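*Asks:* Next comes my_file06.txt, compact mmCIF, C-alpha atoms:
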# COMPACT_ATOMS: atom_id res chain seq x y z
CA MET A 1 0.77 15.51 3.75
CA PHE A 2 -0.04 15.08 7.37
CA GLY A 3 -2.60 17.83 7.57
CA VAL A 4 -2.91 17.84 3.74
CA SER A 5 -5.97 16.35 2.07
CA HIS A 6 -5.32 13.84 -0.68
CA THR A 7 -6.92 13.64 -4.10
CA PRO A 8 -9.65 11.15 -5.12
CA THR A 9 -8.38 7.62 -4.85
CA PRO A 10 -7.88 5.34 -7.87
CA SER A 11 -9.36 1.88 -7.47
CA PHE A 12 -5.99 0.13 -7.44
CA VAL A 13 -4.66 1.82 -4.28
CA HIS A 14 -5.44 0.30 -0.92
CA VAL A 15 -6.50 3.22 1.28
CA VAL A 16 -7.38 2.64 4.93
CA THR A 17 -9.03 5.18 7.19
CA ASN A 18 -7.48 5.28 10.65
CA ALA A 19 -9.89 6.98 13.01
CA THR A 20 -7.52 7.17 15.90
CA GLY A 21 -4.37 8.35 14.18
CA SER A 22 -1.13 8.44 16.12
CA SER A 23 -1.72 9.48 19.68
CA GLN A 24 1.76 9.00 21.04
CA ARG A 25 4.47 11.38 19.97
CA GLY A 26 7.83 9.72 19.33
CA ARG A 27 11.37 11.02 19.17
CA GLY A 28 11.95 14.04 17.01
CA ALA A 29 8.33 14.12 15.93
CA GLU A 30 7.04 17.05 13.94
CA ASP A 31 3.57 18.02 12.86
CA VAL A 32 3.72 16.57 9.38
CA CYS A 33 6.04 15.02 6.81
CA THR A 34 6.73 15.10 3.10
CA THR A 35 8.80 13.35 0.48
CA PRO A 36 11.78 15.32 -0.92
CA VAL A 37 11.38 16.39 -4.54
CA GLU A 38 14.39 16.64 -6.81
CA PRO A 39 14.79 20.00 -8.54
CA TYR A 40 14.27 19.86 -12.30
CA CYS A 41 16.37 22.89 -13.19
CA ASN A 42 20.00 21.84 -13.57
CA VAL A 43 20.85 23.76 -16.72
CA PRO A 44 22.25 27.28 -16.93
CA PRO A 45 19.81 29.97 -18.05
CA ILE A 46 19.46 30.80 -21.74
CA PRO A 47 20.95 34.24 -22.45
CA ILE A 48 18.33 36.88 -23.13
CA SER A 49 18.45 38.14 -26.69
CA VAL A 50 18.15 41.76 -27.78
CA ILE A 51 15.89 42.21 -30.81
CA GLU A 52 15.93 45.43 -32.76
CA ALA A 53 12.13 45.63 -32.95
CA ASP A 54 9.87 48.21 -34.50
CA GLU A 55 8.90 51.23 -32.42
CA ASP A 56 5.44 49.76 -31.84
CA GLY A 57 7.02 46.66 -30.34
CA SER A 58 5.76 44.31 -33.03
CA GLY A 59 9.17 42.83 -33.73
CA SER A 60 8.63 42.16 -37.43
CA GLY A 61 11.93 40.35 -37.65
CA ASP A 62 13.27 42.24 -40.68
CA HIS A 63 16.37 43.17 -38.72
CA ILE A 64 17.41 41.08 -35.69
CA THR A 65 20.53 41.53 -33.62
CA VAL A 66 21.37 39.04 -30.85
CA LYS A 67 23.53 39.95 -27.85
CA GLU A 68 24.25 38.06 -24.63
CA GLY A 69 22.65 39.27 -21.46
CA ILE A 70 24.65 40.06 -18.33
CA TYR A 71 23.90 37.57 -15.59
CA GLY A 72 24.67 37.30 -11.93
CA GLU A 73 24.85 34.07 -9.96
CA CYS A 74 21.07 33.97 -9.78
CA GLY A 75 20.70 33.45 -13.54
CA ILE A 76 18.63 36.63 -14.15
CA SER A 77 19.83 39.56 -16.23
CA ARG A 78 21.34 42.31 -14.08
CA GLU A 79 21.32 44.98 -16.79
CA ILE A 80 18.54 47.21 -18.10
CA GLU A 81 18.97 48.87 -21.46
CA GLU A 82 16.71 49.98 -24.26
CA HIS A 83 15.48 47.25 -26.61
CA ARG A 84 16.48 44.48 -24.21
CA ILE A 85 14.06 41.57 -24.33
CA PHE A 86 12.82 39.69 -21.27
CA ARG A 87 11.04 36.35 -21.43
CA SER A 88 8.20 37.47 -19.17
CA LYS A 89 6.98 40.36 -17.08
CA ASN A 90 7.93 38.46 -13.95
CA GLU A 91 11.51 38.16 -15.19
CA LEU A 92 11.59 41.88 -15.88
CA MET A 93 10.32 42.67 -12.38
CA THR A 94 12.89 40.29 -10.91
CA CYS A 95 15.58 42.17 -12.78
CA PHE A 96 14.31 45.44 -11.26
CA SER A 97 14.50 43.90 -7.80
CA ILE A 98 18.06 42.67 -8.29
CA ILE A 99 19.27 45.96 -9.74
CA SER A 100 17.65 47.96 -6.93
CA MET A 101 19.38 45.74 -4.37
CA THR A 102 22.83 45.93 -6.00
CA GLU A 103 22.65 49.68 -6.72
CA LYS A 104 20.90 50.43 -3.41
CA PHE A 105 17.90 52.44 -4.48
CA GLN A 106 14.16 51.99 -4.29
CA TYR A 107 11.69 52.03 -7.15
CA LYS A 108 7.92 52.12 -7.52
CA VAL A 109 5.61 50.93 -10.26
CA PHE A 110 4.10 54.12 -11.72
CA LYS A 111 1.90 52.38 -14.27
CA SER A 112 1.21 48.75 -15.01
CA ASN A 113 -1.25 46.87 -17.19
CA PRO A 114 -1.13 43.61 -19.20
CA SER A 115 0.78 45.28 -22.04
CA PHE A 116 2.60 48.32 -20.59
CA LEU A 117 4.86 49.05 -17.60
CA VAL A 118 6.46 52.20 -16.20
CA VAL A 119 8.84 52.06 -13.22
CA ARG A 120 10.38 55.09 -11.47
CA CYS A 121 12.70 55.81 -8.58
CA VAL A 122 10.73 56.54 -5.41
CA HIS A 123 12.46 59.89 -4.94
CA THR A 124 10.30 62.54 -6.60
CA SER A 125 13.25 64.52 -8.02
CA CYS A 126 15.10 61.50 -9.45
CA SER A 127 15.07 61.05 -13.23
CA TRP A 128 15.67 57.27 -13.23
CA ARG A 129 12.82 55.47 -14.96
CA VAL A 130 12.10 52.51 -17.23
CA ARG A 131 9.35 51.94 -19.76
CA ALA A 132 8.58 48.51 -21.18
CA LYS A 133 5.88 46.97 -23.34
CA LYS A 134 4.74 43.50 -24.21
CA LEU A 135 5.54 42.35 -27.73
CA VAL A 136 2.59 41.57 -29.93
CA GLU A 137 1.36 37.96 -29.85
CA SER A 138 4.05 36.78 -27.43
CA GLU A 139 4.89 36.68 -23.72
CA TYR A 140 8.13 38.63 -24.24
CA TRP A 141 8.60 42.15 -22.92
CA MET A 142 10.90 44.82 -24.35
CA VAL A 143 12.41 47.85 -22.65
CA THR A 144 11.48 50.84 -24.82
CA LYS A 145 13.01 53.66 -22.77
CA HIS A 146 15.50 53.82 -19.92
CA GLU A 147 16.76 56.90 -18.10
CA LYS A 148 19.86 55.48 -16.40
CA LYS A 149 21.07 58.40 -14.34
CA HIS A 150 20.00 58.75 -10.70
CA THR A 151 19.58 62.32 -9.51
CA CYS A 152 18.33 61.46 -6.03
CA PRO A 153 20.49 62.40 -2.98
CA THR A 154 23.15 59.86 -2.02
CA ASP A 155 21.99 59.82 1.61
CA PHE A 156 18.60 58.65 0.35
CA LYS A 157 20.05 55.22 -0.33
CA THR A 158 19.91 52.75 2.54
CA VAL A 159 21.12 49.23 3.19
CA ARG A 160 17.71 47.73 3.89
CA ARG A 161 15.68 47.51 0.70
CA ARG A 162 11.95 47.33 0.46
CA GLN A 163 12.54 45.89 -3.04
CA ALA A 164 14.22 42.86 -1.45
CA ILE A 165 10.89 41.07 -1.82
CA SER A 166 10.54 37.36 -1.38
CA TRP A 167 10.37 36.25 -5.01
CA GLY A 168 13.32 38.50 -5.92
CA VAL A 169 15.38 37.05 -3.08
CA GLY A 170 14.28 33.58 -4.18
CA GLU A 171 15.65 34.16 -7.68
CA CYS A 172 18.96 35.29 -6.18
CA VAL A 173 19.45 32.13 -4.11
CA LYS A 174 17.76 29.59 -6.40
CA ARG A 175 21.00 28.10 -7.71
CA ARG A 176 22.27 27.42 -4.22
CA LEU A 177 19.16 25.38 -3.45
CA ILE A 178 19.88 23.02 -6.36
CA ASN A 179 22.97 21.73 -4.56
CA PRO A 180 22.60 19.02 -1.88
CA GLY A 181 22.26 20.13 1.70
CA ARG A 182 19.74 22.01 3.74
CA VAL A 183 19.52 25.80 3.35
CA ILE A 184 18.06 27.70 6.29
CA PRO A 185 16.77 31.31 6.20
CA GLN A 186 19.93 32.54 7.94
CA ASP A 187 21.97 31.19 5.00
CA VAL A 188 19.80 33.23 2.65
CA MET A 189 20.28 36.34 4.78
CA ASP A 190 24.06 35.82 4.78
CA ASP A 191 24.14 35.31 0.99
CA MET A 192 22.16 38.47 0.33
CA LYS A 193 24.45 40.49 2.56
CA GLN A 194 27.70 39.06 1.14
CA LYS A 195 26.81 38.99 -2.57
CA PHE A 196 24.48 41.99 -2.84
CA ARG A 197 25.32 43.90 0.35
CA VAL A 198 21.64 43.93 1.17
CA GLU A 199 20.14 43.12 4.57
CA VAL A 200 16.86 41.25 4.48
CA SER A 201 14.68 40.20 7.38
CA TYR A 202 14.27 36.60 8.49
CA SER A 203 10.69 36.48 7.20
CA VAL A 204 11.71 37.74 3.74
CA ALA A 205 14.56 35.22 3.63
CA TRP A 206 12.20 32.39 4.60
CA ARG A 207 9.59 33.37 2.00
CA GLY A 208 12.28 33.82 -0.63
CA ARG A 209 13.61 30.34 0.03
CA GLU A 210 10.09 28.89 -0.26
CA CYS A 211 9.50 30.74 -3.54
CA ALA A 212 12.75 29.34 -4.93
CA TYR A 213 11.87 25.81 -3.84
CA GLU A 214 8.44 26.17 -5.43
CA ASN A 215 9.95 27.24 -8.76
CA LEU A 216 12.53 24.45 -8.71
CA ARG A 217 9.95 21.80 -7.93
CA LEU A 218 7.33 23.12 -10.35
CA GLY A 219 4.94 23.30 -7.42
CA THR A 220 4.50 23.34 -3.68
CA PRO A 221 4.85 20.36 -1.32
CA GLU A 222 1.06 20.31 -1.07
CA GLN A 223 0.80 19.96 -4.84
CA SER A 224 3.40 17.19 -4.76
CA TYR A 225 1.32 15.27 -2.26
CA LYS A 226 -1.66 15.47 -4.60
CA LEU A 227 0.42 13.59 -7.17
CA LEU A 228 1.07 10.72 -4.75
CA LEU A 229 -1.78 8.46 -5.85
CA GLY A 230 -0.90 9.03 -9.49
CA TYR A 231 2.69 8.02 -8.71
CA LEU A 232 1.47 4.87 -6.97
CA HIS A 233 -0.67 4.06 -9.99
CA MET A 234 2.35 4.28 -12.30
CA LEU A 235 4.38 2.23 -9.83
CA MET A 236 1.80 -0.56 -9.98
CA GLU A 237 1.63 -0.35 -13.77
CA THR A 238 5.39 -0.72 -14.17
CA ASN A 239 5.89 -3.15 -11.25
CA PRO A 240 2.95 -5.58 -11.32
CA GLY A 241 2.49 -7.49 -8.08
CA SER A 242 3.96 -4.77 -5.89
CA VAL A 243 2.16 -3.76 -2.69
CA VAL A 244 1.18 -0.19 -1.91
CA ASN A 245 -0.86 0.89 1.08
CA VAL A 246 -2.06 4.37 2.05
CA GLU A 247 -3.76 5.12 5.34
CA VAL A 248 -5.58 8.31 6.22
CA THR A 249 -7.13 9.70 9.38
CA ASP A 250 -10.84 10.14 9.94
CA GLY A 251 -10.39 13.71 8.66
CA ASN A 252 -9.15 12.31 5.31
CA LYS A 253 -5.59 13.44 6.04
CA PHE A 254 -2.52 11.46 5.02
CA GLN A 255 -0.98 9.37 7.79
CA TYR A 256 0.90 6.30 6.48
CA LEU A 257 2.35 5.08 3.18
CA LEU A 258 3.84 1.64 2.51
CA ILE A 259 5.65 0.44 -0.65
CA MET A 260 6.95 -3.08 -1.27
CA PHE A 261 8.21 -3.89 -4.75
CA MET A 262 7.39 -7.24 -6.33
CA ALA A 263 11.08 -7.94 -6.89
CA SER A 264 11.70 -7.63 -3.14
CA ILE A 265 8.78 -9.90 -2.30
CA GLN A 266 9.90 -12.62 -4.72
CA ARG A 267 13.63 -12.55 -3.96
CA PHE A 268 13.58 -12.37 -0.17
CA SER A 269 13.60 -16.17 0.05
CA TYR A 270 17.04 -16.13 -1.64
CA CYS A 271 18.51 -13.66 0.87
CA ARG A 272 19.92 -14.19 4.32
CA PRO A 273 17.15 -14.37 6.96
CA VAL A 274 18.43 -11.19 8.62
CA ILE A 275 16.27 -8.06 8.42
CA SER A 276 17.66 -4.69 9.46
CA ILE A 277 15.06 -2.05 10.33
CA ASP A 278 15.56 1.64 10.98
CA ALA A 279 13.92 5.04 10.60
CA THR A 280 15.17 8.46 9.62
CA HIS A 281 13.55 11.87 9.91
CA LEU A 282 12.48 13.68 6.76
CA LYS A 283 13.63 17.29 6.35
CA GLY A 284 10.91 18.68 4.09
CA LYS A 285 8.23 21.17 5.02
CA TYR A 286 6.00 18.55 6.64
CA ARG A 287 8.74 16.49 8.32
CA GLY A 288 7.71 12.98 9.36
CA VAL A 289 9.67 9.71 9.37
CA LEU A 290 10.87 7.30 6.67
CA PHE A 291 10.85 3.63 7.76
CA THR A 292 13.00 1.02 6.01
CA ALA A 293 13.52 -2.73 6.14
CA VAL A 294 16.53 -4.19 4.29
CA CYS A 295 18.57 -7.39 4.21
CA TYR A 296 21.71 -8.81 2.55
CA ASP A 297 21.56 -10.80 -0.66
CA THR A 298 24.01 -13.58 -1.64
CA ASN A 299 26.35 -11.00 -3.22
CA GLN A 300 26.74 -9.20 0.13
CA GLN A 301 24.78 -6.24 -1.19
CA ILE A 302 22.01 -4.39 0.64
CA PHE A 303 18.63 -5.58 -0.65
CA PRO A 304 15.60 -3.31 0.07
CA LEU A 305 12.44 -4.99 1.32
CA ALA A 306 9.97 -2.30 2.36
CA PHE A 307 9.64 1.46 2.62
CA GLY A 308 7.18 3.35 4.77
CA VAL A 309 6.37 6.96 5.58
CA GLY A 310 4.73 7.83 8.88
CA ASP A 311 3.91 10.81 11.04
CA PHE A 312 6.05 10.00 14.12
CA GLU A 313 8.47 7.33 15.29
CA ASN A 314 6.38 5.81 18.05
CA ASP A 315 4.60 2.59 19.07
CA ALA A 316 1.74 3.14 16.62
CA SER A 317 3.97 3.71 13.57
CA TRP A 318 6.36 0.83 14.27
CA THR A 319 3.40 -1.48 14.97
CA TRP A 320 1.84 -0.44 11.66
CA PHE A 321 5.09 -0.97 9.72
CA LEU A 322 6.18 -4.33 11.22
CA ARG A 323 2.68 -5.77 11.00
CA ARG A 324 2.81 -5.35 7.24
CA VAL A 325 6.38 -6.63 6.97
CA LYS A 326 5.32 -9.80 8.80
CA HIS A 327 2.20 -10.19 6.68
CA MET A 328 4.20 -10.03 3.45
CA PHE A 329 7.43 -11.85 4.32
CA GLY A 330 6.17 -14.22 7.00
CA VAL A 331 8.15 -15.61 9.95
CA ASN A 332 11.25 -17.75 9.47
CA PRO A 333 12.33 -19.78 12.54
CA ALA A 334 15.91 -18.68 11.84
CA LEU A 335 14.96 -15.01 11.36
CA VAL A 336 17.13 -12.31 12.94
CA ILE A 337 15.99 -8.70 13.40
CA VAL A 338 18.69 -6.03 13.72
CA SER A 339 17.91 -2.49 14.91
CA ASP A 340 18.93 0.22 17.34
CA ARG A 341 17.70 0.19 20.95
CA HIS A 342 14.64 2.34 20.43
CA ARG A 343 12.01 1.15 22.90
CA ASN A 344 9.19 1.34 20.35
CA ILE A 345 11.08 -1.04 18.07
CA ASN A 346 11.61 -3.49 20.95
CA SER A 347 7.92 -3.65 21.76
CA ALA A 348 6.87 -4.04 18.11
CA VAL A 349 9.42 -6.80 17.45
CA LYS A 350 8.26 -8.71 20.52
CA GLU A 351 4.67 -8.47 19.32
CA PHE A 352 5.12 -9.55 15.70
CA PHE A 353 8.38 -11.55 15.72
CA PRO A 354 8.47 -13.21 19.16
CA GLN A 355 10.48 -16.18 17.92
CA ALA A 356 13.09 -14.10 16.05
CA PHE A 357 16.41 -13.18 17.60
CA HIS A 358 16.56 -9.40 18.09
CA GLY A 359 20.12 -8.12 17.81
CA ILE A 360 21.51 -4.64 18.36
CA CYS A 361 23.28 -2.81 15.53
CA MET A 362 26.95 -2.55 16.54
CA ASN A 363 27.28 0.94 15.03
CA HIS A 364 24.33 2.32 16.97
CA LEU A 365 25.66 0.76 20.15
CA LEU A 366 29.13 2.19 19.49
CA ASN A 367 27.62 5.67 19.19
CA ASN A 368 25.92 5.16 22.56
CA LEU A 369 29.25 4.15 24.07
CA LYS A 370 30.92 7.23 22.61
CA ILE A 371 28.39 9.42 24.38
CA LYS A 372 28.70 7.61 27.70
CA PHE A 373 32.50 7.13 27.76
CA LYS A 374 33.83 10.18 25.93
CA SER A 375 37.20 10.34 27.69
CA LYS A 376 38.18 6.76 26.82
CA MET A 377 37.07 6.58 23.19
CA LYS A 378 40.50 5.98 21.66
CA GLU A 379 41.04 2.78 23.64
CA LEU A 380 37.37 1.82 23.56
CA GLU A 381 36.55 1.94 19.84
CA GLN A 382 39.22 -0.43 18.54
CA ASN A 383 38.64 -3.05 21.25
CA TYR A 384 34.86 -2.78 20.86
CA ILE A 385 34.92 -3.40 17.10
CA GLN A 386 37.22 -6.41 17.49
CA THR A 387 34.97 -7.84 20.18
CA ALA A 388 31.75 -7.28 18.19
CA LYS A 389 33.23 -8.97 15.12
CA SER A 390 34.58 -12.07 16.88
CA TYR A 391 33.14 -15.27 15.41
CA ASN A 392 33.49 -17.75 18.28
CA LEU A 393 32.89 -17.65 22.03
CA GLN A 394 36.53 -18.23 22.96
CA ASP A 395 37.74 -15.19 21.00
CA PHE A 396 34.79 -13.17 22.24
CA HIS A 397 35.53 -13.76 25.94
CA VAL A 398 39.23 -12.92 25.50
CA LEU A 399 38.49 -9.69 23.63
CA PHE A 400 35.62 -8.76 25.94
CA TYR A 401 37.91 -9.10 28.98
CA THR A 402 40.44 -6.80 27.28
CA LEU A 403 37.70 -4.29 26.49
CA CYS A 404 36.36 -4.24 30.04
CA SER A 405 39.81 -3.95 31.63
CA THR A 406 40.67 -0.99 29.38
CA VAL A 407 37.57 1.09 30.09
CA PRO A 408 35.98 0.80 33.56
CA GLY A 409 32.20 0.73 33.51
CA VAL A 410 31.83 -0.78 30.04
CA LYS A 411 31.26 -4.29 31.38
CA GLU A 412 28.21 -3.30 33.43
CA TYR A 413 26.80 -1.20 30.59
CA LEU A 414 27.11 -3.94 27.95
CA LYS A 415 25.69 -6.58 30.29
CA SER A 416 22.64 -4.38 30.85
CA VAL A 417 22.17 -4.26 27.07
CA GLY A 418 22.63 -8.02 26.74
CA LEU A 419 25.88 -9.67 25.66
CA ASP A 420 24.02 -12.13 23.42
CA ARG A 421 22.60 -9.25 21.39
When written as C-alpha cells, how does the structure in this file appear?
*Replies:*
Amino acid sequence: MFGVSHTPTPSFVHVVTNATGSSQRGRGAEDVCTTPVEPYCNVPPIPISVIEADEDGSGSGDHITVKEGIYGECGISREIEEHRIFRSKNELMTCFSIISMTEKFQYKVFKSNPSFLVVRCVHTSCSWRVRAKKLVESEYWMVTKHEKKHTCPTDFKTVRRRQAISWGVGECVKRRLINPGRVIPQDVMDDMKQKFRVEVSYSVAWRGRECAYENLRLGTPEQSYKLLLGYLHMLMETNPGSVVNVEVTDGNKFQYLLIMFMASIQRFSYCRPVISIDATHLKGKYRGVLFTAVCYDTNQQIFPLAFGVGDFENDASWTWFLRRVKHMFGVNPALVIVSDRHRNINSAVKEFFPQAFHGICMNHLLNNLKIKFKSKMKELEQNYIQTAKSYNLQDFHVLFYTLCSTVPGVKEYLKSVGLDR
C-alpha cells in the first residue's frame, strides 16, 4: 500500500497524515509493502461433466451422462472432445493453451463472440479445429465439433509457444503457489520446461505467477489494501478497546499501521517487565517491514503486545513504533528492552525508554559472532551459550574466561558490545 491510495476512512479508525513520510532508507528497504494473503483455494477441482445435450446446445436434461474429466497437475481439463462441458469460456481457453503447450502446436481464434467460438491450428493446411457454443441460460460451454488430427508438417512445431500466455501459465502453476514458500519466475520457467517441455520467457513466467496469485487471493494486492479499513472495523467490533492507528503521507498514501489488541493492553501488567522488539521484511509485492513487540507471560509463553507495518526499518519507523508502545504500556522502572544491535533501535530506545535496561538478544549476537569468527565456531558456540545463560557473576567470569581463551579476539569484540548487555 505504500504508493497505493486507501479507501474512504470509517469514523472509528484513527488516521494521521504524515507530510514528511520516511526520508531515511533503512536496511533492506523496498519501495512499498503489503500484508500476505492466504489462498482460499485448497480443494481439488470438481471434475468437468459431459452432458449429452441437444444439437442446439440447450441441454434439456432428458438424457444426461456424466464422465470424469482428465486433469493435469494444474487442475484444468487436458482433453478436448465433442460434447465436453466447460464451466466457462475462460476455462475452455485455458484448456486450449495447455493442450497446445503439451502437444507443441499453435492455434488461433478464427471466430469468437459471446455465444460461439471456433479455434483452428495456425497452419493453413492443418485440419485441426474446435467449435464450441455457450449453453442456453448458463455460463457453461460445450464443444460441439472437434477435428483431432493434425495435418501440419512436423517441423512446424517448435519448443517456444506463443500460446504459453500468462494466464495459461498461471493455471499450470497455481497449485504450487498454494504451498508455503516463495516462488520466483525462474521456478515457473523450470516447471513449464520440466512438466510441459515448453520454454517460456521470464516476463511470461512473471505475469503467469501474478495471474495465479490474483486468482488464489480473489483479487490483487491493491484490492486487498482497499479492504484494510474494513478489516480494522471488524477488528474493533470483535475486540472492543483495541487500538488501531493508520498513518498516510500527504499524498494520501499508506505509510504506517499499528494494531494493539485489548487483551494485550489489559494483561501486560501480569507479564514479566521484559519487552522484546524486532522487525522482519515482508515478501509481498509491496515489501515493507513488520514490527513486533512481545513479552513472556507467567506460563513462559510468548505474549504479543503490538504489531506494526511500516515502509522501511529506519529511525523514523522505529521512533513511530516505540512512541506508541510507550504511550500504551507506559514505563516501568524495572523494564528491560531486548533487541538486536540495529542502530535505529538503539537511538529509539534511548529516546523513549531512557531508564530501561537495553539488552542484546543472545541469538542475534551469536549470529554476529558466527560471521566474524567462522573458523572457530565449533568451540565458540557451546562456550558462548553457557556463558550467556550463567545466572551469577562468579559463574559468568569463569565461563567468560574459558570462552576468551578458546577463541582469540572474542574478548575485545564482546567488550565493545558491552558485557552487561
*Asks:* Please determine, counting only C-alpha atoms, which residue among A:Arg84, A:His150, A:Lys111, A:His327 has the shortest atom-to-atom distance to His123 (chain A).
*Replies:*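 Closest to His123 (chain A) of all the choices is A:His150.
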*Asks:* Counting all atoms listed in the file, write as a list in words all protein and nucleic acid residues lying at most 9 Å from (33.0, 2.8, 17.0) in the file's frame.
*Replies:* Met362, Asn363, His364, Leu365, Leu366, Asn367, Leu369, Lys370, Met377, Leu380, Glu381, Gln382, Tyr384 and Ile385 of chain A
*Asks:* Would you list the contacts of Trp320 (chain A) as a PyMOL selection string, taking every protein, DNA or RNA residue within 12 Å and counting all atoms listed in the file, but skipping same-chain residues closer than 3 positions in sequence?
*Replies:* chain A and resi 16+18+21-22+245-247+255-258+291+308-317+323-327+344-345+348-349+351-352
*Asks:* Quick one: residues within 12 Å of Gly181 (chain A), all atoms listed in the file counted, chain neighbours fewer than 3 positions away excluded, as a ChimeraX atom specification?
*Replies:* /A:36,176-178,184,187,283-284
*Asks:* Please produce a file of the residues just selected, as a tab-separated table (two decimals), keeping the file's coordinate frame, where the atoms kept are C-alpha atoms.
*Replies:*
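This is the output file out16.tsv:
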chain	number	residue	atom	x	y	z
A	36	PRO	CA	11.78	15.32	-0.92
A	176	ARG	CA	22.27	27.42	-4.22
A	177	LEU	CA	19.16	25.38	-3.45
A	178	ILE	CA	19.88	23.02	-6.36
A	184	ILE	CA	18.06	27.70	6.29
A	187	ASP	CA	21.97	31.19	5.00
A	283	LYS	CA	13.63	17.29	6.35
A	284	GLY	CA	10.91	18.68	4.09
*Asks:* A:Asn392, A:Met260, A:Tyr231, A:Phe373: which is nearest Thr406 (chain A), counting only C-alpha atoms?
*Replies:* A:Phe373
*Asks:* Suppose you want the space between CA of Thr298 (chain A) and CA of Gln266 (chain A); what is it in Å?
*Replies:*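 That distance, rounded to one decimal, is 14.5 Å.
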*Asks:* Expressed in Å to a single decimal, how great is the separation between CA of Glu222 (chain A) and CA of Lys253 (chain A)?
*Replies:* 11.9 Å
*Asks:* So which one's closest to Arg343 (chain A), A:Trp318, A:Val109, A:Ser166, A:Leu229? Using only C-alpha atoms, please.
*Replies:*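 Between A:Trp318, A:Val109, A:Ser166, A:Leu229, the residue approaching Arg343 (chain A) most closely is A:Trp318.
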*Asks:* Give as JSON, numbers by chain each residue that has an atom at most 8 Å from (6.2, -8.2, -5.7) in the file, counting all atoms listed in the file.
*Replies:* {"A": [239, 240, 241, 242, 243, 260, 261, 262, 263, 264, 265, 266]}
*Asks:* Between CA of Phe116 (chain A) and CA of Arg131 (chain A), what is the distance, to one decimal in Å?
*Replies:* 7.7 Å
*Asks:* Could you work out an axis-aligned box for region 396-400 of chain A, taking every atom the file lists and adding 5 Å on each side, and report centre and edge lengths in Å to one decimal, as JSON?
*Replies:*
{"center_x": 37.0, "center_y": -11.3, "center_z": 24.1, "size_x": 14.4, "size_y": 15.0, "size_z": 13.7}
*Asks:* Can you tell me which residues surround Pro333 (chain A) at a distance of at most 10 Å, considering only C-alpha atoms, apart from same-chain residues fewer than 6 positions away, and format the answer as a ChimeraX atom specification?
*Replies:* /A:273,353,355-357
*Asks:* Please provide the set of residues having any atom within 12 Å of Tyr202 (chain A), restricted to all atoms listed in the file, with same-chain residues fewer than 4 positions apart removed, written as a ChimeraX atom specification.
*Replies:* /A:164-166,169,184-190,192,206-209
*Asks:* If you count all atoms listed in the file, which residues fall within 12 Å of Ser125 (chain A), apart from same-chain ones fewer than 5 positions away, as a PDB file with C-alpha atoms, keeping the file's coordinate frame?
*Replies:*
ATOM      1  CA  ARG A 120      10.380  55.090 -11.470  1.00  0.00           C
ATOM      2  CA  LYS A 149      21.070  58.400 -14.340  1.00  0.00           C
ATOM      3  CA  HIS A 150      20.000  58.750 -10.700  1.00  0.00           C
ATOM      4  CA  THR A 151      19.580  62.320  -9.510  1.00  0.00           C
ATOM      5  CA  CYS A 152      18.330  61.460  -6.030  1.00  0.00           C
ATOM      6  CA  PRO A 153      20.490  62.400  -2.980  1.00  0.00           C
ATOM      7  CA  PHE A 156      18.600  58.650   0.350  1.00  0.00           C
TER       8      PHE A 156
END
*Asks:* Nearest to His358 (chain A): which of A:Gly168, A:Gly418, A:Gly230, A:Pro221 is it, counting all atoms listed in the file?
*Replies:*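 The answer is A:Gly418, which sits nearest to His358 (chain A).
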